[in-house]
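Student: Mind having a look at this structure? Questions to follow.
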Amino acid sequence: DINQKTEDILERVGLIDVMNEPVSALSYGRQRALEIGITLSTEPELILLDEPTAGMTREETDKAIRMIDEVTTGRTLVIIEHDMNVVFSLADTISVLHYGTILASDRPDEIRNDQRVKDAYLGEG
């Protein structure tokens with residue numbers, strides 16, 4: 001049962017093809033996927049991710065977004081991320097902090113159009 005569960009998780013996070021490789025031989029993006037797989041092994045209802053795509057190439061980030069979206073379905077995801085593409089791709093609700101204070105908290109389309117957020121983070125004035 002444990003071996004089957006492990007293989008199922010590795011399949012879900014896109015690592016089944018390297019299941020016999022040492023972690024040190026995996027790319028940075030694949031190591032991050034393994035961390036998420038380890039998290040899934042505990043069958044959590046809540047997943048907390050802190051900058052899960054930091055240091056990844058655009059291609060690795062796009063793969064990570066798709067994988068995170070898939071594996072968090074039916075779970076609560078709390079993500080801290082500065083890559084706005086990642087945030088807008090994954091979030092149902094976004095809370096924007098500015099100097100330790102909540103500047104705005106709403107649906108992605110509302111955050112995208114919030115002038116305070118644009119001024120503070122998106123570089124639009």
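Residues are named by chain letter and number: chains run A, B, ... in the order of the structure tokens, numbers start at 1 in each chain, and ligands are numbered from 1 in the order shown.
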When you look at stretch 81-89 of chain A with a cut-off of 7 Å (counting only C-alpha atoms), what residues show up, excluding the ones that are within fewer than 3 positions of it in the same chain? I need them as a VMD selection string.

Tutor: chain A and resid 50 to 51 65 108

Student: What does the file look like for those residues with N, CA and C atoms, as a compact mmCIF listing (two decimals), in the first residue's frame?

Tutor:
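Result file result-v8.txt:
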```
# COMPACT_ATOMS: atom_id res chain seq x y z
N ASP A 50 5.26 28.75 0.54
CA ASP A 50 5.97 30.02 0.59
C ASP A 50 6.87 30.12 -0.64
N GLU A 51 6.48 30.95 -1.58
CA GLU A 51 7.22 31.18 -2.82
C GLU A 51 7.65 29.87 -3.50
N ILE A 65 2.70 25.68 -11.70
CA ILE A 65 1.34 26.23 -11.57
C ILE A 65 0.32 25.16 -11.88
N PRO A 108 -9.40 37.79 -7.61
CA PRO A 108 -8.30 38.23 -8.48
C PRO A 108 -8.67 39.37 -9.43
```

Student: I need the residues in chain A that are helix (DSSP H, G or I) according to DSSP; give them as number ranges by chain.

Tutor: A: 2-12, 16-18, 23-25, 28-40, 58-71, 84-90, 108-112, 115-122

Student: A:Met67, A:Ile111, A:Tyr121, A:Ile79: which is nearest A:Tyr99, counting only C-alpha atoms?

Tutor: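 Among the listed residues, the smallest separation from A:Tyr99 belongs to A:Tyr121.
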
Student: Calculate how many Å separate atom CA of A:Ser41 from atom CA of A:Glu60, rounding to one decimal.

Tutor: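 Separation between atom CA of A:Ser41 and atom CA of A:Glu60: 22.2 Å.
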
Student: Between atom CA of A:Arg116 and atom CA of A:Ser95, what distance in Å does the model show, to one decimal?

Tutor: 12.5 Å

Student: Find the spatial neighbours of A:Ile16, counting only C-alpha atoms, within a cut-off of 10 Å - ignore same-chain residues fewer than 6 positions away - and output them as a list in words.

Tutor: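 The contact residues come out as Thr6, Glu7, Asp8, Ile9 and Leu10 of chain A.
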
Student: If you measure from atom CA of A:Gly55 to atom CA of A:Lys5, what distance in Å do you get, rounded to one decimal?

Tutor: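 Distance reported for this atom pair: 29.2 Å.
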
Student: Which residues come within 10 Å of A:Asp114, counting only C-alpha atoms, excluding same-chain residues fewer than 6 positions away, as JSON, numbers by chain?

Tutor: {"A": [103, 104, 105, 106, 108]}

Student: Okay, now the selection with C-alpha atoms, as an mmCIF file, in the first residue's frame?

Tutor:
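Result file selection.cif:
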```
data_model
loop_
_atom_site.group_PDB
_atom_site.id
_atom_site.type_symbol
_atom_site.label_atom_id
_atom_site.label_comp_id
_atom_site.auth_asym_id
_atom_site.auth_seq_id
_atom_site.Cartn_x
_atom_site.Cartn_y
_atom_site.Cartn_z
ATOM 1 C CA LEU A 103 -4.025 46.839 1.512
ATOM 2 C CA ALA A 104 -6.751 44.848 -0.245
ATOM 3 C CA SER A 105 -8.393 41.436 -0.047
ATOM 4 C CA ASP A 106 -10.719 40.308 -2.827
ATOM 5 C CA PRO A 108 -8.302 38.234 -8.482
#
```
